[in-house]
Amino acid sequence: MIDAMPRPQMFPQAGDDPHHAGVRARLQMARQVGAVAAALLAQFAVSMPEGYFGPSDDVTPFGVLYSVGILVLLTVTILAQARRSRWGPYGAMAIFAINVGLFVPPLVANPVIAGVVVLWNFYLLSRIVLSVRTRFTLLGRELADPDDDVAAWLALNGPAARHLLTIALVATVAVVGYGIGWRAPAYSVCVALQVLAVAVAGGFLRRLSKRGRWDVFAPFVLVAAAFAAAARPEVSLALLAAFDAVVLVLLATRSSLIAEVLQFFYGRPALLILVSFLVLIGFGTLLLTFPAASAHATPLEPVDALFTATSAACVTGLIVLDTPNDLSLFGQFVVLLLIQIGGLNIMVLSTFAALLLGRGLGLRGEQALGAMLDLPSVAAAYRLIGFIVVSTLLVEGIGAAILGSVELGRGTPPMTAAWRGIFHSISAFCNAGFALYSDSLVGFQDQPLVLLVMAALITLGGLGFAVLAFAWLRLKSSAHVGLATQVRIVLLASAALTVFGFAGVALTEWNHGLAGLATGDKLVNALFQSVTCRTAGFNSVGFDALQPATLMLFMVLMFVGASPGGTGGGIKTTTLVVLLSAISAIASGRQRVVLLKRTISLETVFRCAAIAVVAVLVVLGGATTLLVLENQDFLSLVFETVSAFGTVGLSLGATAALGTSGKLVIVIVMLIGRIGPLSLALLFGRKRQAVIGYPEARIMVG
């Protein structure tokens, strides 16, 4: 009877390629392991108080019988498949069919968890029944010659290894991150999955280590750390989840598809910038939705997690949550990690890692890096990577030491003082504006040292890495170094804007927002607010007491923002200077824009004009949308929009009162402000070669 049945296509048949059949068999085994693990975790998570699985915090006799039975069936099926037995395919079909049948009733009370199990097992069952074959050429084309032992291992085991690692990672995130399932048995399933994933990935890592590859060091360290932290299962499993992620990245780098995707993005720097921040924001949102990220009994709302992750990754500082009170230590660490990566940019960090490993990006990757750092020389951009990361860590370390010592002087416990020093130093240098005090830095308005150190960190981060590198090279050598014109423009513009803001705040707020402070403190606070309102978003004075003229001044400074290559947003100081110079040239009747005895190309002038126009349109569009969606006053919503676009983070209190739609609008404006308005225009524009000439037309303007 069985001989007459059509045999599922899982093992070599006549005319089959033995290699592909072996790959399919290994992948099928991995899918069975993943399906059983997901079903066991779902059994511990679904709630059926009157049903056969019982409540989510208990295991019924039927549940024990099911667990033992499905594991025995899985073991027998895998052994049969390994021996190429005719019973193997039918055992796999039985596993998937049992899981589908048992998890249909729990769909009523647990549609998400039970639905995932039903759909996934039904999909796997249908592939066997319909004899669907997978083409492994998509992700199976490895970047090595046929004699390469790494490529040979990946060609045979790569799909199965990727599947197991992905299942182990997802299961650990669900159990440890979201607390799905009854802790003890759910953790046991995750441990078993992780042990299997480490064992499977070991063959790949051993082959890489024989070649002296330094990038296999991290996975080995993570496994060792997980073993050392075995007394704390959640920490150990989190480290193993990081191992899964790292190995998956290493596996992806061996795929020709990934190489082609990277080459595609390298040729489109604007899209690369956008995707890098979207990935970072998605990663941060995932972590912030973990219950462990919340300081309260309930996890953060998804929209609040998204808003906070976007604000941190885009180094903005606008908040809908009280960072010190609503976020746990883990949540604060996630925010700080997003600030650091967002401030330096993902690609700069990854390139620095590649430099340490003795690898490179290739020509197109270097060109994309040059466009991302907004430098005219690709080689110069590549050489700056090491300087960027090292100088950032050095400056942040010095700032953390000073700020931490101030906290110690205030009687703060050493560990808390060190954490606050590190957090505020990184937040200031990256121009993020996040603080571990509910009133930002208002409590330090009579402590000049703190405000001046924070102002110095903000200024260094906002000047741009090209300026810092130029200054360092000038100190090391008296020889002429490039970028002199840009450096002088940035320094002069930054100094002028700082003095302008300082004078404006001092004049308008001397007897208002600064009232009650000593003369020296008034001057320091006026200087600090002038510096921070352009890029960072900290405040040392209460905004409820500020004059409308001061708020208008702040909006102008926020709109201008930082300098190219810096950690802040806005249209950039150089854009403002070029536009003002163009106005001067038009007024004097000159045909060319001259700045510091250098002629500025028309292309640069056009770029600056495009940046300014797109920026104005973004601010107008965002503010108008908020005015339609939110029932708040005009000034507050416009101020929040400008602050979001400039990635500043100053607020008049409107952000915390926004509804879901308003929060999403600010999220979009923050993202546009971080990637830059010109990148946005390039993203949606098309490069076209002009083939037709048209006569000139004279149009009256002005």
# chains A, B, ... in the order shown; residues from 1 in each chain; ligands from 1
>>> residues_around(residues="Ile98 of chain A", least_positions_apart="2", cutoff="10 Å", atoms="only C-alpha atoms", output="PDB file with N, CA and C atoms, in the first residue's frame")
ATOM      1  N   TYR A  66       2.764  14.991  24.856  1.00  0.00           N
ATOM      2  CA  TYR A  66       3.029  15.567  23.530  1.00  0.00           C
ATOM      3  C   TYR A  66       4.506  15.903  23.372  1.00  0.00           C
ATOM      4  N   ILE A  70       6.676  14.092  20.552  1.00  0.00           N
ATOM      5  CA  ILE A  70       7.161  14.826  19.380  1.00  0.00           C
ATOM      6  C   ILE A  70       8.686  14.793  19.315  1.00  0.00           C
ATOM      7  N   MET A  93       6.412  14.478   7.668  1.00  0.00           N
ATOM      8  CA  MET A  93       5.029  14.867   7.420  1.00  0.00           C
ATOM      9  C   MET A  93       4.184  14.711   8.684  1.00  0.00           C
ATOM     10  N   ALA A  94       4.450  13.653   9.454  1.00  0.00           N
ATOM     11  CA  ALA A  94       3.691  13.428  10.688  1.00  0.00           C
ATOM     12  C   ALA A  94       3.960  14.541  11.698  1.00  0.00           C
ATOM     13  N   ILE A  95       5.220  14.975  11.817  1.00  0.00           N
ATOM     14  CA  ILE A  95       5.561  16.059  12.749  1.00  0.00           C
ATOM     15  C   ILE A  95       4.782  17.315  12.408  1.00  0.00           C
ATOM     16  N   PHE A  96       4.826  17.703  11.150  1.00  0.00           N
ATOM     17  CA  PHE A  96       4.164  18.952  10.744  1.00  0.00           C
ATOM     18  C   PHE A  96       2.645  18.836  10.883  1.00  0.00           C
ATOM     19  N   VAL A 100       0.149  21.114  13.305  1.00  0.00           N
ATOM     20  CA  VAL A 100      -0.962  21.887  12.740  1.00  0.00           C
ATOM     21  C   VAL A 100      -2.260  21.539  13.451  1.00  0.00           C
ATOM     22  N   GLY A 101      -2.531  20.238  13.629  1.00  0.00           N
ATOM     23  CA  GLY A 101      -3.788  19.819  14.242  1.00  0.00           C
ATOM     24  C   GLY A 101      -3.925  20.255  15.689  1.00  0.00           C
ATOM     25  N   LEU A 102      -2.840  20.155  16.480  1.00  0.00           N
ATOM     26  CA  LEU A 102      -2.915  20.482  17.902  1.00  0.00           C
ATOM     27  C   LEU A 102      -3.002  21.976  18.172  1.00  0.00           C
ATOM     28  N   PHE A 103      -2.496  22.796  17.266  1.00  0.00           N
ATOM     29  CA  PHE A 103      -2.469  24.237  17.552  1.00  0.00           C
ATOM     30  C   PHE A 103      -3.582  25.008  16.838  1.00  0.00           C
ATOM     31  N   VAL A 118       0.922  27.186  13.416  1.00  0.00           N
ATOM     32  CA  VAL A 118       0.061  26.555  12.407  1.00  0.00           C
ATOM     33  C   VAL A 118       0.520  26.905  10.997  1.00  0.00           C
ATOM     34  N   ASN A 121       4.118  25.304  10.171  1.00  0.00           N
ATOM     35  CA  ASN A 121       4.082  23.858   9.972  1.00  0.00           C
ATOM     36  C   ASN A 121       3.266  23.483   8.739  1.00  0.00           C
TER      37      ASN A 121
END
>>> select_by_dssp(residues="segment 231-304 of chain A", states="alpha helix (DSSP H)", output="PyMOL selection string")
chain A and resi 233-253+256-266+269-288+302-304
>>> residues_around(residues="segment 502-505 of chain A", least_positions_apart="5", cutoff="7 Å", atoms="only C-alpha atoms", output="short mmCIF file (atom, residue, chain, number, x, y, z; two decimals) with all heavy atoms, in the first residue's frame")
data_model
loop_
_atom_site.label_atom_id
_atom_site.label_comp_id
_atom_site.auth_asym_id
_atom_site.auth_seq_id
_atom_site.Cartn_x
_atom_site.Cartn_y
_atom_site.Cartn_z
N ALA A 526 23.83 81.57 29.12
CA ALA A 526 23.53 82.13 27.80
C ALA A 526 24.42 81.50 26.73
O ALA A 526 23.96 81.17 25.63
CB ALA A 526 23.71 83.65 27.82
N LEU A 527 25.71 81.32 27.06
CA LEU A 527 26.63 80.68 26.13
C LEU A 527 26.23 79.23 25.89
O LEU A 527 26.22 78.75 24.74
CB LEU A 527 28.06 80.76 26.66
CG LEU A 527 29.13 80.04 25.84
CD1 LEU A 527 29.25 80.67 24.46
CD2 LEU A 527 30.47 80.06 26.57
N SER A 530 23.23 78.93 23.67
CA SER A 530 23.57 79.26 22.29
C SER A 530 24.21 78.07 21.59
O SER A 530 23.93 77.80 20.42
CB SER A 530 24.52 80.46 22.26
OG SER A 530 24.95 80.71 20.94
N THR A 550 13.24 84.83 21.94
CA THR A 550 14.27 83.83 22.18
C THR A 550 13.93 82.53 21.46
O THR A 550 14.80 81.88 20.87
CB THR A 550 14.43 83.57 23.68
OG1 THR A 550 14.65 84.81 24.35
CG2 THR A 550 15.58 82.64 23.95
#
>>> closest_residue(among="A:Ile571, A:Asp244, A:Gly464, A:Gln445", to="Gly516 of chain A", atoms="only C-alpha atoms")
A:Gln445
>>> closest_residue(among="A:Arg162, A:Arg410, A:Lys663, A:Arg420", to="Ala252 of chain A", atoms="only C-alpha atoms")
A:Arg162
